[in-house]
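Everything below belongs to query-v7.cif, which stores mmCIF, C-alpha atoms.
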```cif
data_entry
loop_
_atom_site.label_atom_id
_atom_site.label_comp_id
_atom_site.auth_asym_id
_atom_site.auth_seq_id
_atom_site.Cartn_x
_atom_site.Cartn_y
_atom_site.Cartn_z
CA MET Y 501 8.72 19.43 -8.58
CA SER Y 502 12.12 18.89 -10.16
CA MET Y 503 13.62 15.44 -10.53
CA ALA Y 504 16.20 16.39 -7.90
CA HIS Y 505 13.34 16.58 -5.39
CA ASP Y 506 11.50 13.50 -6.60
CA PRO Y 507 11.01 11.27 -3.52
CA TRP Y 508 11.64 8.20 -5.69
CA ARG Y 509 15.17 9.48 -6.33
CA VAL Y 510 16.44 9.09 -2.77
CA ARG Y 511 20.16 8.21 -2.80
CA GLU Y 512 21.90 5.83 -0.41
CA SER Y 513 24.99 8.01 -0.58
CA ASP Y 514 23.09 10.81 1.17
CA TYR Y 515 22.83 8.76 4.37
CA PRO Y 516 24.24 10.92 7.22
CA SER Y 517 26.20 8.12 8.91
CA ALA Y 518 27.98 10.62 11.15
CA GLY Y 519 24.87 12.70 11.76
CA THR Y 520 22.67 12.97 14.82
CA THR Y 521 19.95 10.46 15.65
CA GLU Y 522 17.34 12.92 14.41
CA GLN Y 523 19.15 13.43 11.11
CA ARG Y 524 19.38 9.70 10.53
CA LEU Y 525 15.71 9.16 11.37
CA ARG Y 526 14.70 11.90 8.95
CA PHE Y 527 16.73 10.18 6.25
CA PHE Y 528 15.08 6.80 6.95
CA LEU Y 529 11.68 8.44 6.57
CA ARG Y 530 12.49 9.17 2.93
CA TYR Y 531 11.93 5.45 2.37
CA ALA Y 532 8.85 5.28 4.58
CA VAL Y 533 6.95 7.66 2.27
CA LEU Y 534 7.47 5.27 -0.66
CA ALA Y 535 5.13 2.70 0.90
CA PRO Y 536 1.83 1.82 -0.81
CA SER Y 537 -1.43 3.35 0.38
CA ALA Y 538 -5.13 3.22 -0.50
CA HIS Y 539 -5.87 5.64 -3.39
CA ASN Y 540 -2.25 6.81 -2.97
CA SER Y 541 -3.68 8.86 -0.11
CA GLN Y 542 -0.44 8.67 1.91
CA PRO Y 543 -2.38 8.98 5.19
CA TRP Y 544 0.61 9.32 7.49
CA ARG Y 545 2.50 11.94 9.41
CA PHE Y 546 5.68 11.64 11.44
CA ARG Y 547 7.31 13.52 14.27
CA VAL Y 548 11.01 13.26 15.06
CA ALA Y 549 11.88 14.17 18.64
CA ASP Y 550 13.76 12.83 21.65
CA GLY Y 551 15.69 10.40 19.47
CA ARG Y 552 12.51 8.72 18.24
CA ALA Y 553 10.25 8.69 15.20
CA TYR Y 554 6.54 8.85 15.92
CA LEU Y 555 4.05 7.56 13.34
CA TYR Y 556 0.63 9.24 13.27
CA ALA Y 557 -2.52 8.59 11.28
CA ASP Y 558 -3.41 11.61 9.15
CA ARG Y 559 -7.20 11.32 9.26
CA ARG Y 560 -7.61 14.34 7.03
CA ARG Y 561 -6.76 11.83 4.29
CA ARG Y 562 -9.23 9.16 5.30
CA LEU Y 563 -11.76 7.54 2.97
CA PRO Y 564 -14.98 7.59 5.00
CA ILE Y 565 -17.07 5.78 2.39
CA ALA Y 566 -14.65 3.06 1.24
CA ASP Y 567 -12.95 2.76 4.63
CA PRO Y 568 -15.31 3.92 7.39
CA GLU Y 569 -13.36 2.26 10.22
CA ASP Y 570 -9.97 3.54 8.95
CA ARG Y 571 -8.86 -0.06 8.53
CA GLU Y 572 -7.12 0.52 5.19
CA LEU Y 573 -5.75 3.84 6.45
CA THR Y 574 -4.06 1.99 9.32
CA ILE Y 575 -2.82 -0.74 6.97
CA SER Y 576 -1.25 1.98 4.81
CA CYS Y 577 0.48 3.43 7.87
CA GLY Y 578 1.68 -0.07 8.75
CA ALA Y 579 3.29 -0.36 5.32
CA ALA Y 580 5.11 2.95 5.91
CA LEU Y 581 6.24 1.61 9.29
CA PHE Y 582 7.75 -1.46 7.64
CA HIS Y 583 9.60 0.69 5.10
CA LEU Y 584 10.99 2.76 7.97
CA ARG Y 585 12.12 -0.34 9.87
CA LEU Y 586 13.65 -1.83 6.73
CA ALA Y 587 15.66 1.31 5.96
CA MET Y 588 16.96 1.37 9.50
CA ARG Y 589 18.12 -2.24 9.33
CA TYR Y 590 19.70 -1.79 5.90
CA PHE Y 591 21.80 1.11 7.14
CA GLY Y 592 22.92 -0.85 10.20
CA GLN Y 593 20.48 0.32 12.86
CA ALA Y 594 18.39 -2.04 14.98
CA GLU Y 595 14.94 -0.77 15.91
CA THR Y 596 12.48 -1.03 18.77
CA VAL Y 597 8.83 -0.49 17.90
CA GLU Y 598 6.12 0.32 20.38
CA ALA Y 599 2.99 -0.22 18.34
CA ALA Y 600 0.38 0.09 21.08
CA PRO Y 601 -1.69 3.25 20.49
CA ASP Y 602 -1.76 5.87 23.22
CA PRO Y 603 -5.32 6.26 24.60
CA GLU Y 604 -4.59 9.95 25.18
CA ASP Y 605 -3.35 10.42 21.61
CA PRO Y 606 -5.46 8.24 19.25
CA GLU Y 607 -3.63 9.53 16.18
CA LEU Y 608 -0.34 8.04 17.41
CA LEU Y 609 0.07 4.55 15.97
CA ALA Y 610 3.68 3.62 16.73
CA THR Y 611 6.92 4.88 18.21
CA VAL Y 612 10.23 3.76 16.68
CA THR Y 613 13.52 4.00 18.56
CA LEU Y 614 17.04 3.22 17.40
CA ALA Y 615 18.31 0.24 19.41
CA GLY Y 616 22.00 -0.06 18.64
CA PRO Y 617 23.86 -1.54 15.67
CA HIS Y 618 22.41 -4.16 13.34
CA ALA Y 619 24.20 -6.27 10.74
CA PRO Y 620 21.89 -6.31 7.68
CA ASP Y 621 21.28 -9.79 6.31
CA ASP Y 622 20.43 -10.94 2.80
CA THR Y 623 16.71 -10.41 3.40
CA ASP Y 624 17.25 -6.83 4.58
CA ARG Y 625 19.37 -6.04 1.54
CA SER Y 626 17.12 -7.67 -1.04
CA LEU Y 627 13.90 -6.14 0.28
CA PHE Y 628 15.46 -2.70 0.59
CA ARG Y 629 16.76 -2.73 -2.97
CA ALA Y 630 13.28 -3.67 -4.19
CA VAL Y 631 11.74 -0.47 -2.76
CA PRO Y 632 12.16 1.59 -5.98
CA ARG Y 633 11.07 -1.39 -8.11
CA ARG Y 634 7.72 -1.96 -6.41
CA PHE Y 635 4.65 -0.43 -8.00
CA THR Y 636 0.93 -1.12 -8.31
CA HIS Y 637 0.01 -2.59 -11.68
CA ARG Y 638 -3.29 -1.46 -13.19
CA GLY Y 639 -3.69 -3.83 -16.13
CA PRO Y 640 -3.67 -7.53 -17.01
CA PHE Y 641 -0.68 -9.72 -16.23
CA GLN Y 642 1.33 -12.01 -18.42
CA ALA Y 643 0.38 -15.70 -18.24
CA THR Y 644 3.69 -16.67 -16.61
CA PRO Y 645 2.99 -18.43 -13.28
CA VAL Y 646 4.30 -17.08 -9.99
CA PRO Y 647 6.83 -19.71 -8.88
CA PRO Y 648 5.83 -21.82 -5.84
CA ALA Y 649 9.18 -21.01 -4.21
CA LEU Y 650 8.37 -17.30 -4.36
CA GLN Y 651 4.89 -17.94 -2.97
CA ASN Y 652 6.43 -19.81 -0.04
CA MET Y 653 8.87 -16.96 0.64
CA MET Y 654 6.06 -14.39 0.60
CA GLN Y 655 4.06 -16.53 3.02
CA SER Y 656 7.07 -16.84 5.32
CA LEU Y 657 7.59 -13.08 5.36
CA ALA Y 658 3.91 -12.47 6.13
CA ALA Y 659 4.07 -15.00 8.96
CA HIS Y 660 7.21 -13.37 10.32
CA GLU Y 661 5.27 -10.11 10.61
CA GLY Y 662 2.35 -11.86 12.31
CA ALA Y 663 -0.05 -12.24 9.39
CA GLY Y 664 -1.18 -14.97 7.03
CA LEU Y 665 -0.96 -15.06 3.24
CA HIS Y 666 -3.33 -17.40 1.42
CA CYS Y 667 -2.16 -18.08 -2.14
CA LEU Y 668 -4.99 -19.06 -4.51
CA SER Y 669 -4.07 -20.43 -7.91
CA GLY Y 670 -6.70 -23.10 -8.59
CA PRO Y 671 -9.27 -22.13 -11.23
CA GLU Y 672 -12.30 -23.06 -9.11
CA THR Y 673 -11.21 -21.01 -6.09
CA LYS Y 674 -10.15 -18.11 -8.28
CA GLY Y 675 -13.53 -18.20 -9.97
CA VAL Y 676 -15.35 -17.90 -6.65
CA VAL Y 677 -13.17 -15.01 -5.52
CA ALA Y 678 -13.49 -13.32 -8.92
CA ALA Y 679 -17.28 -13.44 -8.53
CA LEU Y 680 -16.99 -11.71 -5.13
CA VAL Y 681 -14.83 -8.99 -6.68
CA ALA Y 682 -17.36 -8.44 -9.46
CA GLU Y 683 -20.16 -8.21 -6.92
CA GLY Y 684 -18.12 -5.61 -5.05
CA ASP Y 685 -17.67 -3.57 -8.23
CA ARG Y 686 -21.39 -3.57 -8.90
CA HIS Y 687 -22.09 -2.52 -5.32
CA GLN Y 688 -19.56 0.32 -5.27
CA GLY Y 689 -20.14 1.52 -8.83
CA GLY Y 690 -23.85 1.83 -8.06
CA ASP Y 691 -23.23 3.87 -4.89
CA PRO Y 692 -23.11 7.65 -5.59
CA PRO Y 693 -21.20 8.54 -2.36
CA PHE Y 694 -18.54 5.95 -3.18
CA ARG Y 695 -18.24 7.28 -6.73
CA ARG Y 696 -17.86 10.86 -5.47
CA GLU Y 697 -15.16 9.86 -3.01
CA LEU Y 698 -13.22 7.97 -5.68
CA ALA Y 699 -13.52 10.87 -8.12
CA ASP Y 700 -12.19 13.27 -5.48
CA TRP Y 701 -8.91 11.32 -5.41
CA LEU Y 702 -8.47 11.25 -9.18
CA ARG Y 703 -5.91 13.67 -10.59
CA THR Y 704 -5.73 15.00 -14.13
CA GLY Y 705 -2.67 15.07 -16.33
CA LEU Y 706 -2.33 18.77 -15.49
CA SER Y 707 -2.28 18.24 -11.73
CA ARG Y 708 0.80 19.07 -9.66
CA GLN Y 709 -0.49 17.30 -6.60
CA ARG Y 710 1.79 14.63 -5.18
CA ASP Y 711 -0.92 12.28 -3.96
CA GLY Y 712 -4.03 10.58 -5.31
CA LEU Y 713 -4.63 8.54 -8.44
CA HIS Y 714 -2.64 10.07 -11.28
CA PRO Y 715 -3.32 9.24 -14.94
CA ARG Y 716 0.19 8.05 -15.83
CA PRO Y 717 0.27 5.10 -13.41
CA LEU Y 718 -3.33 4.35 -14.44
CA GLY Y 719 -2.33 4.24 -18.10
CA VAL Y 720 -4.68 7.13 -18.95
CA GLY Y 721 -3.83 9.87 -21.45
CA LEU Y 722 -4.21 13.59 -20.85
CA ALA Y 723 -7.52 14.02 -22.66
CA MET Y 724 -9.13 11.07 -20.90
CA SER Y 725 -7.79 12.24 -17.53
CA LEU Y 726 -9.77 15.47 -17.90
CA VAL Y 727 -13.11 13.70 -18.31
CA LEU Y 728 -12.55 10.59 -16.19
CA PRO Y 729 -13.37 12.20 -12.80
CA ALA Y 730 -16.77 13.34 -14.06
CA TYR Y 731 -17.46 9.93 -15.61
CA LEU Y 732 -16.63 8.08 -12.41
CA ARG Y 733 -18.62 10.55 -10.33
CA TRP Y 734 -21.85 10.52 -12.32
CA ILE Y 735 -22.03 7.22 -14.25
CA ASN Y 736 -22.71 3.80 -12.74
CA TRP Y 737 -19.56 2.05 -13.95
CA GLY Y 738 -20.13 -0.98 -11.73
CA PRO Y 739 -21.27 -3.50 -14.39
CA SER Y 740 -18.45 -2.72 -16.84
CA GLN Y 741 -15.81 -2.71 -14.11
CA ALA Y 742 -17.20 -5.97 -12.78
CA ARG Y 743 -16.73 -7.67 -16.15
CA GLN Y 744 -13.14 -6.47 -16.42
CA ASP Y 745 -12.11 -7.27 -12.86
CA ARG Y 746 -13.76 -10.67 -12.96
CA GLN Y 747 -11.78 -11.54 -16.06
CA TRP Y 748 -8.52 -10.20 -14.65
CA ALA Y 749 -9.03 -12.06 -11.37
CA ARG Y 750 -9.77 -15.34 -13.12
CA GLU Y 751 -6.77 -14.93 -15.43
CA ALA Y 752 -4.34 -13.71 -12.76
CA PRO Y 753 -1.38 -16.05 -12.28
CA LEU Y 754 -1.98 -15.78 -8.53
CA LEU Y 755 -4.56 -14.37 -6.15
CA ALA Y 756 -3.47 -13.81 -2.56
CA VAL Y 757 -5.42 -12.85 0.55
CA LEU Y 758 -3.59 -11.28 3.46
CA THR Y 759 -5.24 -12.10 6.79
CA THR Y 760 -4.82 -11.41 10.48
CA ALA Y 761 -6.16 -13.33 13.44
CA ARG Y 762 -8.48 -10.51 14.50
CA ASP Y 763 -9.48 -6.96 13.64
CA GLY Y 764 -8.38 -3.79 15.39
CA ILE Y 765 -5.67 -1.16 15.14
CA SER Y 766 -2.78 -3.41 16.16
CA CYS Y 767 -3.85 -6.12 13.71
CA TRP Y 768 -4.23 -3.59 10.90
CA LEU Y 769 -0.73 -2.26 11.61
CA THR Y 770 0.49 -5.86 11.45
CA ALA Y 771 -1.30 -6.35 8.13
CA GLY Y 772 0.35 -3.25 6.67
CA GLN Y 773 3.83 -4.36 7.67
CA ALA Y 774 3.23 -7.84 6.29
CA LEU Y 775 1.80 -6.38 3.08
CA ALA Y 776 4.88 -4.22 2.53
CA ALA Y 777 7.19 -7.19 3.10
CA VAL Y 778 5.22 -9.38 0.66
CA LEU Y 779 5.10 -6.72 -2.06
CA LEU Y 780 8.82 -6.01 -1.80
CA ARG Y 781 9.72 -9.69 -1.92
CA ALA Y 782 7.52 -10.09 -5.01
CA ALA Y 783 9.04 -7.01 -6.67
CA GLU Y 784 12.52 -8.39 -6.06
CA ASP Y 785 11.62 -11.20 -8.49
CA GLY Y 786 9.84 -8.89 -10.95
CA VAL Y 787 6.33 -9.76 -9.71
CA GLN Y 788 3.94 -6.85 -9.13
CA ALA Y 789 0.53 -6.63 -7.51
CA ALA Y 790 -2.86 -5.09 -8.14
CA TYR Y 791 -5.53 -4.62 -5.48
CA LEU Y 792 -8.96 -6.22 -5.62
CA ASN Y 793 -10.17 -4.85 -2.30
CA GLN Y 794 -13.79 -4.52 -3.38
CA ALA Y 795 -14.32 -7.95 -1.84
CA VAL Y 796 -12.83 -6.72 1.44
CA GLN Y 797 -14.37 -3.25 1.60
CA VAL Y 798 -17.99 -4.49 1.40
CA PRO Y 799 -18.70 -6.14 4.79
CA GLU Y 800 -20.91 -8.96 3.50
CA LEU Y 801 -18.38 -9.87 0.80
CA ARG Y 802 -15.52 -9.73 3.29
CA GLN Y 803 -17.32 -12.27 5.43
CA ARG Y 804 -17.88 -14.54 2.44
CA LEU Y 805 -14.24 -14.23 1.43
CA GLY Y 806 -13.23 -15.26 4.92
CA GLU Y 807 -15.51 -18.28 4.70
CA GLN Y 808 -13.88 -19.21 1.40
CA LEU Y 809 -10.57 -19.32 3.27
CA GLY Y 810 -12.03 -21.68 5.85
CA GLY Y 811 -12.51 -19.04 8.54
CA THR Y 812 -8.77 -19.01 9.28
CA GLY Y 813 -8.50 -15.26 9.75
CA GLN Y 814 -9.86 -11.81 8.95
CA PRO Y 815 -9.25 -10.83 5.29
CA GLN Y 816 -7.43 -7.51 5.12
CA VAL Y 817 -6.12 -7.23 1.54
CA LEU Y 818 -6.90 -9.10 -1.68
CA LEU Y 819 -4.20 -9.04 -4.35
CA ARG Y 820 -3.68 -10.35 -7.82
CA LEU Y 821 -0.03 -10.90 -8.65
CA GLY Y 822 1.98 -11.57 -11.76
CA TYR Y 823 4.55 -10.29 -14.22
CA ALA Y 824 3.49 -6.94 -15.61
CA GLY Y 825 5.93 -6.25 -18.41
CA GLY Y 826 6.18 -2.84 -20.03
CA THR Y 827 7.47 0.38 -18.51
CA ARG Y 828 7.10 1.20 -14.86
CA ARG Y 829 4.91 4.17 -14.00
CA PRO Y 830 5.58 5.25 -10.40
CA ALA Y 831 2.88 7.17 -8.56
CA PRO Y 832 3.91 10.64 -7.37
CA ARG Y 833 4.75 10.96 -3.68
CA ARG Y 834 4.95 13.78 -1.19
CA PRO Y 835 8.53 14.25 0.01
CA ALA Y 836 9.29 13.25 3.57
CA GLU Y 837 9.89 16.86 4.53
CA LEU Y 838 6.20 17.63 3.97
CA VAL Y 839 4.98 14.93 6.37
CA ILE Y 840 7.43 15.37 9.24
CA ASP Y 841 6.49 17.59 12.18
CA GLY Y 842 9.29 18.69 14.48
#
```

Once you've parsed the file, please lay out its structure as structure tokens.
Amino acid sequence: MSMAHDPWRVRESDYPSAGTTEQRLRFFLRYAVLAPSAHNSQPWRFRVADGRAYLYADRRRRLPIADPEDRELTISCGAALFHLRLAMRYFGQAETVEAAPDPEDPELLATVTLAGPHAPDDTDRSLFRAVPRRFTHRGPFQATPVPPALQNMMQSLAAHEGAGLHCLSGPETKGVVAALVAEGDRHQGGDPPFRRELADWLRTGLSRQRDGLHPRPLGVGLAMSLVLPAYLRWINWGPSQARQDRQWAREAPLLAVLTTARDGISCWLTAGQALAAVLLRAAEDGVQAAYLNQAVQVPELRQRLGEQLGGTGQPQVLLRLGYAGGTRRPAPRRPAELVIDG
């Protein structure tokens, strides 16, 4: 795919301000597809009709071993929903969101309708401009602390979306959480079905696919990318990954747990929208995130993580955050045109 068609290269100047409602919604969806998703699976589809954008779960892209309840799939769709809402507000359009699923159409997660003009504020502008700067970091972070003021702002944004963000920076608490992450690595690395599912989403340096885990964002060279899927599929990498992730979690400037009051589709959509807001606010200040969801994907560990937080909510996402340094490596994305029906 040429650079001219790279979804990351969407241009504000292409906004069809004098276009139809459908044309404007299709433009806003170019930003929705830049949202984060588990394994870069991009498990969403959209339909534009009747002056509305409909968000659907694409369960052909589900992760039945890592995510049997489609919790992370729904969180990913929630992140895309926030990106859509943010783009609308930035370009001066208020939005109405009906997030209650339709019992007759379980794939439908939300309906978004334009609701008149909106004057974008400083938060709208800053978060929107951080969209191309946000990426998932796959290595260690610099030792520079994440400023308390930024932590407070991320917590405020999460709360505004209806979620909680627990910031963990003390060495004792980080050590406990790091141990849970390591236990999750050992569990998943020793599970052949989990390894096969992960390997299926790995892409080689020769791949033209626009989804999945590509070697460049992972920091993997071409030669290694050709053998890595087989290694992850057939070798129990749990102990070695546990050592690395435990170290990275303990040394992370900040660990953060995103929580919701309960579980269920509506709460997972809330978590995704809050996650997107938090990640964009962090990226605005040059802070990036890495996922440590092993401790959330394994049910027993998720319960223990929740207990570590004092039972104040259901853990949905575990992040380590910090300053990455180096050159950004964006993950490939499918263009909006490929995920819009109608």

Ground truth for the PyMOL selection byres ((chain Y and resi 761) around 9), written as a ChimeraX atom specification
/Y:662-664,759-760,762-763,767,812-814

Could you tell me how far atom CA of Trp737 of chain Y lies from atom CA of Val757 of chain Y, in Å and to one decimal?
25.1 Å

Carefully work through the PyMOL selection byres ((chain Y and resi 538) around 9) for this structure and note down the residues it includes, as a PyMOL selection string.
chain Y and resi 536-537+539-543+563+572-573+575-576+712

With segment 714-721 of chain Y as the partner and 12 Å as the cut-off, tabulate the residues of segment 606-700 of chain Y that qualify, each row holding the nearest pair of atoms and their distance in Å to one decimal, using only C-alpha atoms, sorted by chain and rising number, as JSON lines.
```
{"residue": "Y:Phe635", "atom": "CA", "partner": "Y:Pro717", "partner_atom": "CA", "distance": 8.9}
{"residue": "Y:Thr636", "atom": "CA", "partner": "Y:Pro717", "partner_atom": "CA", "distance": 8.1}
{"residue": "Y:His637", "atom": "CA", "partner": "Y:Pro717", "partner_atom": "CA", "distance": 7.9}
{"residue": "Y:Arg638", "atom": "CA", "partner": "Y:Leu718", "partner_atom": "CA", "distance": 5.9}
{"residue": "Y:Gly639", "atom": "CA", "partner": "Y:Leu718", "partner_atom": "CA", "distance": 8.4}
{"residue": "Y:Pro640", "atom": "CA", "partner": "Y:Gly719", "partner_atom": "CA", "distance": 11.9}
{"residue": "Y:Ala699", "atom": "CA", "partner": "Y:His714", "partner_atom": "CA", "distance": 11.4}
{"residue": "Y:Asp700", "atom": "CA", "partner": "Y:His714", "partner_atom": "CA", "distance": 11.6}
```

May I have the residues from that selection written out with C-alpha atoms, as a compact mmCIF listing (two decimals), keeping the file's coordinate frame?
```
# COMPACT_ATOMS: atom_id res chain seq x y z
CA PHE Y 635 4.65 -0.43 -8.00
CA THR Y 636 0.93 -1.12 -8.31
CA HIS Y 637 0.01 -2.59 -11.68
CA ARG Y 638 -3.29 -1.46 -13.19
CA GLY Y 639 -3.69 -3.83 -16.13
CA PRO Y 640 -3.67 -7.53 -17.01
CA ALA Y 699 -13.52 10.87 -8.12
CA ASP Y 700 -12.19 13.27 -5.48
```

Step by step, work through what the PyMOL selection byres ((chain Y and resi 672-687) around 7) selects in the shown file, and finish by giving those residues as a PDB file with C-alpha atoms, in the frame of the given file.
```pdb
ATOM      1  CA  LEU Y 668      -4.990 -19.060  -4.510  1.00  0.00           C
ATOM      2  CA  SER Y 669      -4.070 -20.430  -7.910  1.00  0.00           C
ATOM      3  CA  GLY Y 670      -6.700 -23.100  -8.590  1.00  0.00           C
ATOM      4  CA  PRO Y 671      -9.270 -22.130 -11.230  1.00  0.00           C
ATOM      5  CA  GLN Y 688     -19.560   0.320  -5.270  1.00  0.00           C
ATOM      6  CA  GLY Y 689     -20.140   1.520  -8.830  1.00  0.00           C
ATOM      7  CA  GLY Y 690     -23.850   1.830  -8.060  1.00  0.00           C
ATOM      8  CA  ASP Y 691     -23.230   3.870  -4.890  1.00  0.00           C
ATOM      9  CA  GLY Y 738     -20.130  -0.980 -11.730  1.00  0.00           C
ATOM     10  CA  PRO Y 739     -21.270  -3.500 -14.390  1.00  0.00           C
ATOM     11  CA  GLN Y 741     -15.810  -2.710 -14.110  1.00  0.00           C
ATOM     12  CA  ALA Y 742     -17.200  -5.970 -12.780  1.00  0.00           C
ATOM     13  CA  ARG Y 743     -16.730  -7.670 -16.150  1.00  0.00           C
ATOM     14  CA  ASP Y 745     -12.110  -7.270 -12.860  1.00  0.00           C
ATOM     15  CA  ARG Y 746     -13.760 -10.670 -12.960  1.00  0.00           C
ATOM     16  CA  ALA Y 749      -9.030 -12.060 -11.370  1.00  0.00           C
ATOM     17  CA  ARG Y 750      -9.770 -15.340 -13.120  1.00  0.00           C
ATOM     18  CA  LEU Y 792      -8.960  -6.220  -5.620  1.00  0.00           C
ATOM     19  CA  GLN Y 794     -13.790  -4.520  -3.380  1.00  0.00           C
ATOM     20  CA  ALA Y 795     -14.320  -7.950  -1.840  1.00  0.00           C
ATOM     21  CA  VAL Y 798     -17.990  -4.490   1.400  1.00  0.00           C
ATOM     22  CA  LEU Y 801     -18.380  -9.870   0.800  1.00  0.00           C
TER      23      LEU Y 801
END
```

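In this structure, atom CA of Phe582 of chain Y sits 6.5 Å away from atom CA of Ala776 of chain Y.
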
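Each of Y:Asp602, Y:Glu751, Y:Glu569, Y:Glu697 was compared to Gly764 of chain Y using all atoms listed in the file, and Y:Glu569 turns out to be the nearest.
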
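Closest approach to Leu775 of chain Y among Y:Arg562, Y:Arg834, Y:His583, Y:Arg547: Y:His583, based on only C-alpha atoms.
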
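The spacing separating atom CA of Tyr590 of chain Y from atom CA of Leu754 of chain Y amounts to 29.6 Å.
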
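Of the listed residues (Y:Ala518, Y:Leu614, Y:Ala824, Y:Met654), Y:Met654 comes nearest to Ala777 of chain Y; the distances count all atoms listed in the file.
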
Using only C-alpha atoms, which residues sit within 9 Å of segment 519-529 of chain Y once same-chain residues fewer than 5 positions away are excluded, as a list in words?
Asp514, Leu534, Phe546, Val548, Ala549, Asp550, Gly551, Arg552, Ala553, Ala580, His583, Leu584, Arg585, Leu586, Ala587, Met588, Phe591, Leu614, Ala836, Glu837 and Ile840 of chain Y

Starting from the sparse input, extend segment 719-724 of chain Y to all heavy atoms and give the output as a JSON list (two decimals), in the coordinates of the input.
```json
[["chain", "number", "residue", "atom", "x", "y", "z"],
["Y", 719, "GLY", "N", -2.35, 4.50, -16.67],
["Y", 719, "GLY", "CA", -2.33, 4.24, -18.10],
["Y", 719, "GLY", "C", -3.35, 5.07, -18.87],
["Y", 719, "GLY", "O", -3.84, 4.65, -19.92],
["Y", 720, "VAL", "N", -3.66, 6.26, -18.35],
["Y", 720, "VAL", "CA", -4.68, 7.13, -18.95],
["Y", 720, "VAL", "C", -3.99, 8.35, -19.56],
["Y", 720, "VAL", "O", -3.12, 8.96, -18.94],
["Y", 720, "VAL", "CB", -5.70, 7.59, -17.88],
["Y", 720, "VAL", "CG1", -6.66, 8.61, -18.46],
["Y", 720, "VAL", "CG2", -6.45, 6.38, -17.33],
["Y", 721, "GLY", "N", -4.39, 8.71, -20.78],
["Y", 721, "GLY", "CA", -3.83, 9.87, -21.45],
["Y", 721, "GLY", "C", -4.40, 11.17, -20.91],
["Y", 721, "GLY", "O", -5.36, 11.18, -20.13],
["Y", 722, "LEU", "N", -3.81, 12.29, -21.36],
["Y", 722, "LEU", "CA", -4.21, 13.59, -20.85],
["Y", 722, "LEU", "C", -5.68, 13.88, -21.10],
["Y", 722, "LEU", "O", -6.41, 14.28, -20.19],
["Y", 722, "LEU", "CB", -3.34, 14.68, -21.50],
["Y", 722, "LEU", "CG", -3.75, 16.13, -21.17],
["Y", 722, "LEU", "CD1", -3.68, 16.39, -19.68],
["Y", 722, "LEU", "CD2", -2.85, 17.11, -21.94],
["Y", 723, "ALA", "N", -6.14, 13.69, -22.34],
["Y", 723, "ALA", "CA", -7.52, 14.02, -22.66],
["Y", 723, "ALA", "C", -8.49, 13.21, -21.81],
["Y", 723, "ALA", "O", -9.46, 13.75, -21.25],
["Y", 723, "ALA", "CB", -7.78, 13.79, -24.15],
["Y", 724, "MET", "N", -8.25, 11.91, -21.70],
["Y", 724, "MET", "CA", -9.13, 11.07, -20.90],
["Y", 724, "MET", "C", -9.09, 11.46, -19.42],
["Y", 724, "MET", "O", -10.10, 11.42, -18.73],
["Y", 724, "MET", "CB", -8.74, 9.60, -21.06],
["Y", 724, "MET", "CG", -9.59, 8.63, -20.25],
["Y", 724, "MET", "SD", -11.36, 8.70, -20.66],
["Y", 724, "MET", "CE", -11.32, 7.91, -22.29]]
```
